[in-house]
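Chemist: Dropping in coords39.cif, with mmCIF, C-alpha atoms.
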```cif
data_structure
#
loop_
_atom_site.label_atom_id
_atom_site.label_comp_id
_atom_site.auth_asym_id
_atom_site.auth_seq_id
_atom_site.Cartn_x
_atom_site.Cartn_y
_atom_site.Cartn_z
CA MET A 118 -2.95 14.20 21.91
CA SER A 119 -6.72 13.85 21.79
CA ASP A 120 -8.46 10.67 20.77
CA LEU A 121 -10.62 10.98 17.68
CA THR A 122 -14.39 11.13 17.67
CA PRO A 123 -16.04 8.93 15.04
CA THR A 124 -17.86 10.96 12.38
CA PRO A 125 -20.21 9.80 9.60
CA ARG A 126 -17.26 9.48 7.25
CA SER A 127 -14.71 8.06 9.68
CA ARG A 128 -16.77 5.57 11.67
CA VAL A 129 -15.83 1.96 10.88
CA ARG A 130 -19.04 0.32 9.63
CA ARG A 131 -17.95 -3.09 8.38
CA LEU A 132 -16.80 -5.18 11.34
CA PRO A 133 -16.93 -2.20 13.73
CA ASP A 134 -15.18 -4.17 16.50
CA ARG A 135 -12.02 -3.81 14.42
CA GLY A 136 -12.23 -0.01 14.63
CA ARG A 137 -10.00 2.10 16.85
CA TYR A 138 -10.14 5.84 17.45
CA ASP A 139 -7.51 6.45 20.10
CA PHE A 140 -4.66 8.69 19.09
CA GLY A 141 -1.97 6.30 20.31
CA THR A 142 -3.13 3.45 18.10
CA ILE A 143 -3.48 5.69 15.06
CA ALA A 144 -0.05 7.27 15.64
CA SER A 145 1.66 3.91 16.12
CA ILE A 146 0.26 2.57 12.84
CA LEU A 147 1.28 5.73 11.01
CA ASP A 148 4.76 5.63 12.52
CA ALA A 149 5.29 2.01 11.46
CA GLY A 150 5.29 2.86 7.77
CA PHE A 151 6.26 5.43 5.19
CA LEU A 152 4.00 4.93 2.17
CA CYS A 153 0.47 6.29 2.17
CA TYR A 154 -2.24 6.54 -0.45
CA VAL A 155 -3.66 10.02 -0.83
CA GLY A 156 -7.17 10.23 -2.25
CA TYR A 157 -8.64 13.42 -3.69
CA VAL A 158 -11.15 14.57 -6.25
CA MET A 159 -10.49 16.57 -9.41
CA ASP A 160 -13.42 17.38 -11.71
CA GLY A 161 -15.50 14.81 -9.88
CA GLN A 162 -12.95 12.06 -10.56
CA PRO A 163 -11.18 10.25 -7.71
CA TYR A 164 -7.40 9.93 -7.76
CA VAL A 165 -5.29 7.80 -5.45
CA THR A 166 -1.61 8.71 -5.38
CA PRO A 167 0.97 6.68 -3.44
CA THR A 168 3.47 8.91 -1.69
CA ALA A 169 5.84 8.95 1.27
CA TYR A 170 4.57 10.48 4.51
CA TRP A 171 5.71 11.08 8.05
CA ARG A 172 4.12 12.18 11.32
CA ASN A 173 5.13 14.86 13.75
CA GLY A 174 2.89 15.28 16.79
CA GLU A 175 -0.70 15.79 15.74
CA HIS A 176 0.04 16.22 12.03
CA VAL A 177 0.88 14.01 9.09
CA TYR A 178 3.10 15.40 6.36
CA TRP A 179 3.87 14.56 2.77
CA HIS A 180 5.87 16.29 0.10
CA GLY A 181 6.96 16.34 -3.49
CA SER A 182 7.73 18.47 -6.47
CA SER A 183 6.11 21.88 -6.51
CA ALA A 184 5.02 20.94 -10.05
CA SER A 185 3.09 17.88 -8.85
CA ARG A 186 -0.55 17.94 -9.91
CA MET A 187 -1.50 16.09 -6.74
CA LEU A 188 0.19 18.63 -4.46
CA ARG A 189 -1.05 21.63 -6.44
CA THR A 190 -4.58 20.30 -6.14
CA LEU A 191 -4.32 19.52 -2.44
CA GLU A 192 -2.76 22.84 -1.47
CA THR A 193 -5.98 24.53 -2.58
CA GLY A 194 -7.66 22.93 0.45
CA VAL A 195 -9.79 20.21 -1.12
CA ASP A 196 -10.93 17.21 0.89
CA VAL A 197 -8.34 14.49 1.37
CA CYS A 198 -8.55 10.87 2.44
CA MET A 199 -5.16 9.49 3.41
CA THR A 200 -4.94 5.74 3.85
CA VAL A 201 -2.12 3.61 5.23
CA ALA A 202 -2.24 -0.19 5.54
CA HIS A 203 0.31 -2.70 6.79
CA VAL A 204 -0.24 -6.37 5.92
CA ASP A 205 0.83 -8.60 8.83
CA GLY A 206 -0.28 -11.96 7.53
CA LEU A 207 -2.46 -14.05 5.30
CA VAL A 208 -5.13 -15.86 7.27
CA LEU A 209 -5.96 -19.28 5.88
CA ALA A 210 -9.25 -20.77 6.99
CA ARG A 211 -11.00 -24.09 6.28
CA SER A 212 -13.45 -22.38 3.93
CA ALA A 213 -12.70 -19.82 1.22
CA PHE A 214 -15.24 -17.52 2.85
CA HIS A 215 -13.30 -17.14 6.08
CA HIS A 216 -9.91 -16.48 4.54
CA SER A 217 -8.72 -13.07 5.58
CA ILE A 218 -5.76 -10.77 5.99
CA ASN A 219 -4.22 -9.59 9.24
CA TYR A 220 -3.57 -5.89 8.88
CA ARG A 221 -3.29 -2.54 10.60
CA SER A 222 -4.75 0.37 8.68
CA VAL A 223 -5.49 4.03 9.20
CA MET A 224 -7.82 6.26 7.23
CA LEU A 225 -7.60 10.01 7.85
CA PHE A 226 -9.90 12.71 6.56
CA GLY A 227 -9.26 16.41 6.34
CA ARG A 228 -7.73 19.15 4.29
CA ALA A 229 -4.08 19.76 3.67
CA HIS A 230 -2.14 22.93 4.34
CA LYS A 231 1.05 24.06 2.67
CA LEU A 232 4.17 24.94 4.63
CA GLU A 233 5.16 28.32 3.27
CA ASP A 234 7.99 29.35 5.58
CA GLU A 235 11.41 28.23 4.35
CA GLY A 236 12.65 27.46 7.84
CA ALA A 237 9.59 25.40 8.66
CA LYS A 238 9.96 23.52 5.38
CA THR A 239 13.59 22.75 6.09
CA LYS A 240 12.71 21.52 9.57
CA ALA A 241 9.91 19.33 8.20
CA LEU A 242 12.20 17.76 5.59
CA GLU A 243 14.80 17.14 8.28
CA ASP A 244 12.11 15.43 10.36
CA PHE A 245 11.28 13.26 7.36
CA VAL A 246 14.86 12.19 6.65
CA GLU A 247 15.55 11.60 10.34
CA HIS A 248 12.38 9.55 10.70
CA MET A 249 13.31 7.38 7.75
CA LEU A 250 17.07 7.22 8.37
CA PRO A 251 18.07 8.37 11.86
CA GLY A 252 21.30 10.35 11.82
CA ARG A 253 21.44 10.91 8.09
CA TRP A 254 20.38 14.56 7.76
CA ALA A 255 23.63 15.92 9.23
CA GLU A 256 25.70 13.79 6.86
CA LEU A 257 24.08 15.03 3.68
CA ARG A 258 25.05 17.85 1.40
CA PRO A 259 22.96 20.67 2.87
CA VAL A 260 19.67 21.54 1.26
CA THR A 261 19.68 24.61 -1.00
CA SER A 262 17.20 27.42 -1.24
CA GLN A 263 16.45 26.39 -4.83
CA GLU A 264 15.65 22.83 -3.73
CA LEU A 265 13.32 24.16 -1.06
CA LYS A 266 11.51 26.29 -3.65
CA ALA A 267 11.13 23.23 -5.88
CA THR A 268 9.61 21.23 -3.02
CA THR A 269 6.11 21.48 -1.64
CA VAL A 270 5.44 20.21 1.89
CA LEU A 271 1.85 19.63 2.93
CA TYR A 272 0.51 18.76 6.35
CA MET A 273 -2.85 17.69 7.69
CA PRO A 274 -4.05 17.59 11.29
CA ILE A 275 -4.90 14.15 12.68
CA LEU A 276 -8.40 15.14 13.73
CA GLU A 277 -10.80 12.88 11.89
CA GLY A 278 -10.20 9.26 11.04
CA SER A 279 -9.97 5.75 12.31
CA ALA A 280 -7.72 2.76 12.57
CA LYS A 281 -8.82 -0.75 11.67
CA ILE A 282 -6.98 -3.83 12.85
CA ARG A 283 -7.33 -7.56 12.36
CA THR A 284 -5.15 -9.96 14.32
CA GLY A 285 -5.21 -13.59 15.23
CA PRO A 286 -6.15 -16.93 13.71
CA PRO A 287 -8.92 -17.72 11.22
CA LYS A 288 -12.46 -17.71 12.54
CA ASP A 289 -14.03 -20.75 10.98
CA ASP A 290 -17.58 -21.95 11.25
CA GLU A 291 -17.74 -24.33 14.21
CA GLU A 292 -18.62 -27.35 12.06
CA ASP A 293 -15.63 -26.70 9.77
CA TYR A 294 -12.89 -27.12 12.38
CA THR A 295 -12.64 -30.83 11.57
CA TRP A 296 -12.20 -30.18 7.83
CA PRO A 297 -8.84 -31.80 6.91
CA VAL A 298 -6.92 -28.83 5.53
CA TRP A 299 -4.13 -26.76 7.00
CA ALA A 300 -5.35 -23.54 8.59
CA GLY A 301 -3.46 -20.76 10.28
CA ILE A 302 -1.49 -17.62 9.61
CA LEU A 303 1.22 -16.97 7.05
CA PRO A 304 3.05 -14.02 8.63
CA VAL A 305 4.09 -11.27 6.23
CA GLN A 306 6.91 -8.87 6.94
CA ALA A 307 8.85 -6.31 4.94
CA VAL A 308 12.61 -6.76 5.15
CA LEU A 309 15.65 -4.86 3.98
CA GLY A 310 18.10 -6.67 1.75
CA VAL A 311 21.84 -6.15 1.71
CA PRO A 312 22.60 -2.48 0.88
CA ILE A 313 23.75 -1.95 -2.72
CA SER A 314 26.43 0.71 -2.87
CA ASP A 315 26.20 3.24 -5.68
CA GLU A 316 28.72 2.43 -8.42
CA ARG A 317 30.33 5.84 -8.09
CA LEU A 318 30.85 5.53 -4.34
CA PRO A 319 34.52 5.42 -3.24
CA GLU A 320 35.41 1.96 -1.93
CA THR A 321 36.36 3.51 1.39
CA ILE A 322 32.77 4.37 2.22
CA HIS A 323 30.77 1.45 3.56
CA ALA A 324 27.10 1.31 4.38
CA PRO A 325 26.56 2.16 8.05
CA GLU A 326 25.46 -0.75 10.22
CA ASN A 327 22.25 1.05 11.12
CA LEU A 328 21.07 0.75 7.52
CA THR A 329 20.68 -3.02 7.65
CA HIS A 330 17.34 -2.70 9.38
CA LEU A 331 14.89 0.11 9.85
CA SER A 332 12.48 -1.80 12.02
CA HIS A 333 10.80 1.37 13.24
CA LEU A 334 9.50 1.70 9.66
CA GLY A 335 8.42 -1.93 9.54
CA LEU A 336 11.57 -2.86 7.58
CA HIS A 337 13.26 -5.74 9.39
CA HIS A 338 16.48 -7.68 9.06
CA SER A 339 16.38 -10.17 6.24
CA ARG A 340 18.01 -12.76 8.51
CA MET B 208 -4.44 -7.65 -24.75
CA SER B 209 -4.31 -4.08 -26.01
CA ASP B 210 -1.88 -1.53 -24.70
CA LEU B 211 -3.46 1.47 -23.05
CA THR B 212 -3.74 4.90 -24.59
CA PRO B 213 -2.83 7.76 -22.23
CA THR B 214 -5.80 9.97 -21.41
CA PRO B 215 -5.93 13.31 -19.59
CA ARG B 216 -6.47 11.51 -16.30
CA SER B 217 -4.11 8.58 -16.85
CA ARG B 218 -1.13 10.23 -18.50
CA VAL B 219 1.91 10.33 -16.18
CA ARG B 220 2.79 14.01 -15.82
CA ARG B 221 5.46 14.13 -13.12
CA LEU B 222 8.61 12.41 -14.45
CA PRO B 223 6.81 11.13 -17.58
CA ASP B 224 9.78 8.93 -18.54
CA ARG B 225 8.75 6.68 -15.64
CA GLY B 226 5.34 6.10 -17.23
CA ARG B 227 4.36 2.88 -18.99
CA TYR B 228 1.17 2.09 -20.86
CA ASP B 229 1.77 -1.37 -22.28
CA PHE B 230 -0.58 -4.06 -21.08
CA GLY B 231 2.19 -6.50 -20.21
CA THR B 232 3.89 -4.12 -17.79
CA ILE B 233 0.62 -3.16 -16.14
CA ALA B 234 -0.47 -6.80 -15.83
CA SER B 235 2.86 -7.90 -14.37
CA ILE B 236 2.73 -5.21 -11.68
CA LEU B 237 -0.86 -6.11 -10.83
CA ASP B 238 -0.02 -9.82 -10.69
CA ALA B 239 2.90 -9.24 -8.31
CA GLY B 240 0.65 -8.10 -5.48
CA PHE B 241 -2.69 -8.60 -3.81
CA LEU B 242 -3.52 -5.37 -1.96
CA CYS B 243 -4.90 -2.37 -3.85
CA TYR B 244 -6.26 0.97 -2.77
CA VAL B 245 -9.66 1.76 -4.24
CA GLY B 246 -10.54 5.43 -4.49
CA TYR B 247 -14.10 6.67 -4.97
CA VAL B 248 -16.26 9.67 -4.21
CA MET B 249 -19.33 9.78 -1.97
CA ASP B 250 -21.10 13.11 -1.47
CA GLY B 251 -18.09 14.87 -2.95
CA GLN B 252 -15.74 13.30 -0.39
CA PRO B 253 -12.89 11.02 -1.47
CA TYR B 254 -12.48 7.62 0.19
CA VAL B 255 -9.53 5.29 -0.20
CA THR B 256 -10.19 1.70 0.88
CA PRO B 257 -7.46 -0.94 0.97
CA THR B 258 -8.71 -4.28 -0.29
CA ALA B 259 -7.49 -7.51 -1.88
CA TYR B 260 -7.65 -7.75 -5.68
CA TRP B 261 -6.76 -10.14 -8.43
CA ARG B 262 -6.54 -10.04 -12.22
CA ASN B 263 -7.98 -12.34 -14.84
CA GLY B 264 -7.26 -11.42 -18.46
CA GLU B 265 -8.28 -7.85 -19.16
CA HIS B 266 -10.10 -7.31 -15.87
CA VAL B 267 -9.23 -6.63 -12.27
CA TYR B 268 -11.50 -7.99 -9.56
CA TRP B 269 -12.11 -7.27 -5.92
CA HIS B 270 -14.70 -8.51 -3.46
CA GLY B 271 -16.10 -8.25 0.00
CA SER B 272 -19.21 -8.34 2.08
CA SER B 273 -22.42 -7.47 0.27
CA ALA B 274 -22.99 -5.05 3.15
CA SER B 275 -19.79 -3.13 2.47
CA ARG B 276 -20.40 0.58 1.91
CA MET B 277 -17.48 0.69 -0.52
CA LEU B 278 -18.84 -2.14 -2.66
CA ARG B 279 -22.42 -0.89 -2.52
CA THR B 280 -21.24 2.51 -3.72
CA LEU B 281 -19.04 1.11 -6.48
CA GLU B 282 -21.64 -1.28 -7.86
CA THR B 283 -23.75 1.73 -8.79
CA GLY B 284 -21.14 2.52 -11.45
CA VAL B 285 -19.35 5.55 -10.02
CA ASP B 286 -15.83 6.46 -11.11
CA VAL B 287 -13.06 4.43 -9.54
CA CYS B 288 -9.33 4.93 -9.25
CA MET B 289 -7.56 1.74 -8.26
CA THR B 290 -3.93 2.10 -7.22
CA VAL B 291 -1.32 -0.56 -6.52
CA ALA B 292 2.28 0.15 -5.50
CA HIS B 293 5.18 -2.14 -4.68
CA VAL B 294 8.18 -0.65 -2.88
CA ASP B 295 11.41 -2.24 -4.14
CA GLY B 296 13.94 -0.12 -2.30
CA LEU B 297 14.89 3.07 -0.54
CA VAL B 298 17.23 5.17 -2.65
CA LEU B 299 19.79 7.06 -0.60
CA ALA B 300 21.47 9.97 -2.35
CA ARG B 301 24.16 12.45 -1.26
CA SER B 302 21.57 15.21 -0.84
CA ALA B 303 18.19 14.98 0.85
CA PHE B 304 16.62 16.31 -2.34
CA HIS B 305 17.62 13.31 -4.46
CA HIS B 306 16.54 10.63 -2.02
CA SER B 307 13.87 8.52 -3.61
CA ILE B 308 12.03 5.23 -3.59
CA ASN B 309 12.28 2.44 -6.15
CA TYR B 310 8.78 1.29 -6.88
CA ARG B 311 6.40 -0.23 -9.39
CA SER B 312 2.92 1.24 -9.36
CA VAL B 313 -0.27 1.05 -11.37
CA MET B 314 -3.18 3.46 -11.41
CA LEU B 315 -6.36 2.32 -13.16
CA PHE B 316 -9.44 4.38 -13.92
CA GLY B 317 -12.89 3.17 -14.80
CA ARG B 318 -16.16 1.96 -13.42
CA ALA B 319 -16.82 -1.28 -11.65
CA HIS B 320 -19.40 -3.88 -12.56
CA LYS B 321 -20.97 -6.46 -10.29
CA LEU B 322 -20.89 -10.18 -11.02
CA GLU B 323 -24.49 -11.27 -10.67
CA ASP B 324 -24.39 -14.86 -11.86
CA GLU B 325 -23.73 -17.34 -9.07
CA GLY B 326 -21.58 -19.57 -11.27
CA ALA B 327 -19.49 -16.65 -12.46
CA LYS B 328 -19.04 -15.48 -8.87
CA THR B 329 -17.92 -18.93 -7.75
CA LYS B 330 -15.45 -19.10 -10.63
CA ALA B 331 -14.09 -15.63 -9.80
CA LEU B 332 -13.60 -16.52 -6.14
CA GLU B 333 -11.87 -19.74 -7.18
CA ASP B 334 -9.57 -17.65 -9.42
CA PHE B 335 -8.81 -15.44 -6.43
CA VAL B 336 -7.98 -18.28 -4.03
CA GLU B 337 -5.95 -20.09 -6.69
CA HIS B 338 -4.04 -16.91 -7.53
CA MET B 339 -3.19 -16.32 -3.89
CA LEU B 340 -2.64 -19.95 -2.87
CA PRO B 341 -2.27 -22.30 -5.84
CA GLY B 342 -3.97 -25.65 -5.23
CA ARG B 343 -5.97 -24.55 -2.21
CA TRP B 344 -9.48 -24.18 -3.62
CA ALA B 345 -10.01 -27.92 -4.07
CA GLU B 346 -8.92 -28.59 -0.49
CA LEU B 347 -11.40 -26.23 1.14
CA ARG B 348 -14.86 -26.86 2.47
CA PRO B 349 -16.94 -26.00 -0.61
CA VAL B 350 -18.52 -22.57 -0.81
CA THR B 351 -22.21 -22.38 0.01
CA SER B 352 -24.97 -20.55 -1.75
CA GLN B 353 -25.47 -18.42 1.37
CA GLU B 354 -21.81 -17.39 1.35
CA LEU B 355 -22.08 -16.43 -2.30
CA LYS B 356 -25.11 -14.27 -1.55
CA ALA B 357 -23.21 -12.56 1.25
CA THR B 358 -20.29 -11.79 -1.07
CA THR B 359 -20.11 -9.11 -3.72
CA VAL B 360 -17.58 -9.49 -6.52
CA LEU B 361 -16.78 -6.44 -8.64
CA TYR B 362 -14.65 -6.24 -11.76
CA MET B 363 -13.30 -3.43 -13.86
CA PRO B 364 -11.80 -3.56 -17.35
CA ILE B 365 -8.13 -2.63 -17.64
CA LEU B 366 -8.75 0.02 -20.27
CA GLU B 367 -7.50 3.31 -18.88
CA GLY B 368 -4.51 3.73 -16.65
CA SER B 369 -0.79 3.74 -16.39
CA ALA B 370 2.14 2.16 -14.67
CA LYS B 371 4.97 4.14 -13.12
CA ILE B 372 8.34 2.61 -12.33
CA ARG B 373 11.56 3.81 -10.73
CA THR B 374 14.59 1.59 -10.70
CA GLY B 375 18.30 2.00 -10.24
CA PRO B 376 20.72 4.04 -8.16
CA PRO B 377 20.36 7.59 -6.88
CA LYS B 378 20.74 10.37 -9.40
CA ASP B 379 22.83 12.94 -7.64
CA ASP B 380 23.91 16.33 -8.86
CA GLU B 381 27.26 15.89 -10.61
CA GLU B 382 29.12 18.03 -8.07
CA ASP B 383 27.75 15.97 -5.17
CA TYR B 384 29.28 12.62 -6.15
CA THR B 385 32.36 13.37 -4.06
CA TRP B 386 30.32 14.17 -0.94
CA PRO B 387 31.56 11.73 1.74
CA VAL B 388 28.38 9.88 2.64
CA TRP B 389 27.17 6.40 1.78
CA ALA B 390 24.79 6.35 -1.17
CA GLY B 391 22.99 3.50 -2.84
CA ILE B 392 19.92 1.34 -2.57
CA LEU B 393 18.41 -0.37 0.45
CA PRO B 394 16.40 -3.17 -1.19
CA VAL B 395 12.96 -3.79 0.30
CA GLN B 396 11.16 -7.08 -0.03
CA ALA B 397 8.08 -8.65 1.53
CA VAL B 398 8.72 -12.08 3.01
CA LEU B 399 6.62 -14.82 4.53
CA GLY B 400 7.50 -15.94 8.02
CA VAL B 401 7.14 -19.46 9.37
CA PRO B 402 3.48 -20.57 9.09
CA ILE B 403 1.59 -20.47 12.40
CA SER B 404 -0.79 -23.39 12.66
CA ASP B 405 -4.22 -22.67 14.06
CA GLU B 406 -4.49 -23.88 17.66
CA ARG B 407 -7.41 -26.12 16.83
CA LEU B 408 -5.61 -27.84 13.96
CA PRO B 409 -4.94 -31.58 14.53
CA GLU B 410 -1.21 -32.17 14.99
CA THR B 411 -1.28 -34.52 12.02
CA ILE B 412 -1.88 -31.66 9.58
CA HIS B 413 1.27 -29.75 8.68
CA ALA B 414 1.56 -26.63 6.56
CA PRO B 415 2.24 -27.59 2.95
CA GLU B 416 5.74 -26.77 1.70
CA ASN B 417 4.31 -24.48 -0.98
CA LEU B 418 3.09 -22.10 1.72
CA THR B 419 6.58 -21.06 2.78
CA HIS B 420 6.84 -18.70 -0.12
CA LEU B 421 4.36 -17.12 -2.48
CA SER B 422 6.89 -15.32 -4.61
CA HIS B 423 4.39 -14.80 -7.43
CA LEU B 424 2.63 -12.41 -5.02
CA GLY B 425 5.86 -10.69 -4.07
CA LEU B 426 6.07 -12.73 -0.84
CA HIS B 427 9.48 -14.35 -0.71
CA HIS B 428 11.26 -16.84 1.52
CA SER B 429 12.44 -15.29 4.75
CA ARG B 430 15.77 -17.11 4.37
#
```
Kindly present the structure from the file in structure tokens form.

Modeler:
Amino acid sequence: MSDLTPTPRSRVRRLPDRGRYDFGTIASILDAGFLCYVGYVMDGQPYVTPTAYWRNGEHVYWHGSSASRMLRTLETGVDVCMTVAHVDGLVLARSAFHHSINYRSVMLFGRAHKLEDEGAKTKALEDFVEHMLPGRWAELRPVTSQELKATTVLYMPILEGSAKIRTGPPKDDEEDYTWPVWAGILPVQAVLGVPISDERLPETIHAPENLTHLSHLGLHHSR
Amino acid sequence: MSDLTPTPRSRVRRLPDRGRYDFGTIASILDAGFLCYVGYVMDGQPYVTPTAYWRNGEHVYWHGSSASRMLRTLETGVDVCMTVAHVDGLVLARSAFHHSINYRSVMLFGRAHKLEDEGAKTKALEDFVEHMLPGRWAELRPVTSQELKATTVLYMPILEGSAKIRTGPPKDDEEDYTWPVWAGILPVQAVLGVPISDERLPETIHAPENLTHLSHLGLHHSR
């Protein structure tokens, strides 16, 4: 996996010391989530669509209905900006100015390609389900050819982009450290609640234990 | 507050029954979060920048360094798409095809304007701090004229856009309801962890009780 070379559109300009271009950092931020924001242009107008994504090797993938306007636009090969951000904490400083957010974000640029082959599509969707919910694919009613036709899977190489990370305490002006107000970090985390069984589920089927946390997706135990 | 009229770019096309255009729904989704994704076009290329936002009446606001490329582009009045999405749960169906996500999202279109007046900027930043952390503004070291100059505040009227909401259990194909796999909802929630005091904070200053949850922002108690 090659590290990324900053380009005019991917180089982090504001607070450049927060920028990262190594593949490992970018991949780990991508892998720690499942919701991205896909930006694209139609008739000169920007659109930002939230959608689920997953990574496999040097590509990111997303999918949806073959009728989706977003996917039908992107499969024509227009420029894409895919952004992912995880909020890790609110950073409370002694002055309003130095309040901040601890976060890990990735911005990727490129063009999407459509998976045409039915076998490759099936494999990609299996990757997605297994990434989200390890072990689940084999338990599901198998995917049908009609469902595959109704689903578009796009992928984009991780070639151009950057990560941006803020960690740590507030950075106050030196003369403000004696200001008498609480300062520090309010950690933010996404958690899974207690699984809610579908009303039509037989009472004999219980939620598997492994569904009470999906910490690889940034979804932790609620307790 | 007027409800929004669907336009060619704001009308929800995929699963239109999930679309909402009433001001109250859009405002409540905006108010339940603090991180948006701002989409814009530079040299034909889409960019999606995550940033904090807040609402006041019929406008959304965001801010940042006056040196920010995003803000300097937007203040020229280019088209903006601002997207906010809250994930409420993972929806596990009996088939891969019907897996889904419960969410509340808003997509707004328009053009941003810059707050020029120093008093109006100060008031907007106070609104922001007070929205995030009620009661905090008055406790902080007051904002300086230099900080105001270094900060750009943009706002955009909530005039064109839509909300999109999915709630409830999986919707499986009728013949799949007997498939022997767990199905239901894994609720997702953002929680605040225990506040981490800044290392340079005097031991006499404790985190206020009201910082252990900010449920109006969608940040709940961890217990």

Chemist: With the cut-off set at 6 Å and counting all atoms listed in the file, tabulate each residue of chain B with an atom at most that distance from an atom of chain A, showing the nearest atom pair and its distance in Å to one decimal, ordered by chain and increasing number, as a tab-separated table.

Modeler:
```
residue	atom	partner	partner_atom	distance
B:Gly246	CA	A:Pro163	CA	5.8
B:Tyr247	CA	A:Pro163	CA	5.4
B:Pro253	CA	A:Tyr157	CA	5.4
B:Tyr254	CA	A:Cys198	CA	5.6
B:Val255	CA	A:Gly156	CA	5.8
B:Cys288	CA	A:Tyr164	CA	5.6
B:Arg301	CA	A:Leu257	CA	5.6
B:Ser302	CA	A:Arg258	CA	4.9
B:Leu347	CA	A:Ser212	CA	5.2
B:Arg348	CA	A:Ser212	CA	4.9
B:Trp389	CA	A:Ala324	CA	5.7
B:Ala390	CA	A:Asp315	CA	5.7
B:Gly391	CA	A:Asp315	CA	4.3
B:Ile392	CA	A:Ile313	CA	5.1
B:Leu393	CA	A:Pro312	CA	4.7
B:Pro394	CA	A:Gly310	CA	4.9
B:Val395	CA	A:Leu309	CA	4.7
B:Gln396	CA	A:Val308	CA	5.4
B:Ala397	CA	A:Ala307	CA	4.2
B:Val398	CA	A:Gln306	CA	5.4
B:Leu399	CA	A:Val305	CA	4.7
B:Gly400	CA	A:Pro304	CA	4.9
B:Pro402	CA	A:Leu303	CA	4.7
B:Ile403	CA	A:Ile302	CA	5.0
B:Ser404	CA	A:Gly301	CA	4.4
B:Asp405	CA	A:Gly301	CA	4.3
B:Ile412	CA	A:Trp299	CA	6.0
B:Ala414	CA	A:Trp299	CA	5.7
```

Chemist: Which residue out of B:Thr212, B:Ser273, B:Ser352, B:Asn263 has the minimum interatomic distance to Gly226 of chain B when only C-alpha atoms are used?

Modeler: B:Thr212

Chemist: With chain A fixed, least-squares superpose chain B over all its C-alpha atoms paired in order and give the RMSD in Å.

Modeler: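 C-alpha RMSD after least-squares superposition: 0.0 Å.
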
Chemist: Residue by residue, what does the PyMOL selection byres ((chain B and resi 260) around 6) grab here? Present the result as a list in words.

Modeler: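 With the PyMOL selection byres ((chain B and resi 260) around 6) on this model, the match is Phe241, Ala259, Trp261, Tyr268 and Trp269 of chain B.
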
Chemist: Please produce an output containing C-alpha atoms for each residue in the selection, written as a PDB file, in the coordinates of the input.

Modeler:
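Resulting contents of selection32.pdb:
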```
ATOM      1  CA  PHE B 241      -2.690  -8.600  -3.810  1.00  0.00           C
ATOM      2  CA  ALA B 259      -7.490  -7.510  -1.880  1.00  0.00           C
ATOM      3  CA  TRP B 261      -6.760 -10.140  -8.430  1.00  0.00           C
ATOM      4  CA  TYR B 268     -11.500  -7.990  -9.560  1.00  0.00           C
ATOM      5  CA  TRP B 269     -12.110  -7.270  -5.920  1.00  0.00           C
TER       6      TRP B 269
END
```

Chemist: Please, what distance in Å, to one decimal, runs between atom CA of Ile236 of chain B and atom CA of Thr374 of chain B?

Modeler: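 About the pair atom CA of Ile236 of chain B and atom CA of Thr374 of chain B: they are 13.7 Å apart.
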
Chemist: What would the selection look like, as a PyMOL selection string, if the PyMOL selection byres ((chain A and resi 121) around 8) were run on the coordinates I just shared?

Modeler: chain A and resi 119-120+122-123+138-140+276-279

Chemist: In the coordinate frame of the file, compute which residues have an atom within 9 Å of (-19.3, -8.5, -7.3) when using all atoms listed in the file, and state them as an NGL selection string.

Modeler: :B and (268-271 or 273 or 278 or 282 or 319-323 or 328 or 358-362)

Chemist: Pick from A:Ala241, A:Ile282, A:Ile143, A:Met273: nearest to His176 of chain A, with all atoms listed in the file counted?

Modeler: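 Answer, going by the shortest atom-to-atom distance: A:Met273.
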
Chemist: Mind pulling up the distance from atom CA of Gly425 of chain B to atom CA of Ser235 of chain B?

Modeler: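 One can read the atom CA of Ser235 of chain B to atom CA of Gly425 of chain B distance as 11.1 Å.
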
Chemist: By how many Å are atom CA of Val177 of chain A and atom CA of Ile275 of chain A apart?

Modeler: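 Computing the Euclidean distance for atom CA of Val177 of chain A and atom CA of Ile275 of chain A yields 6.8 Å.
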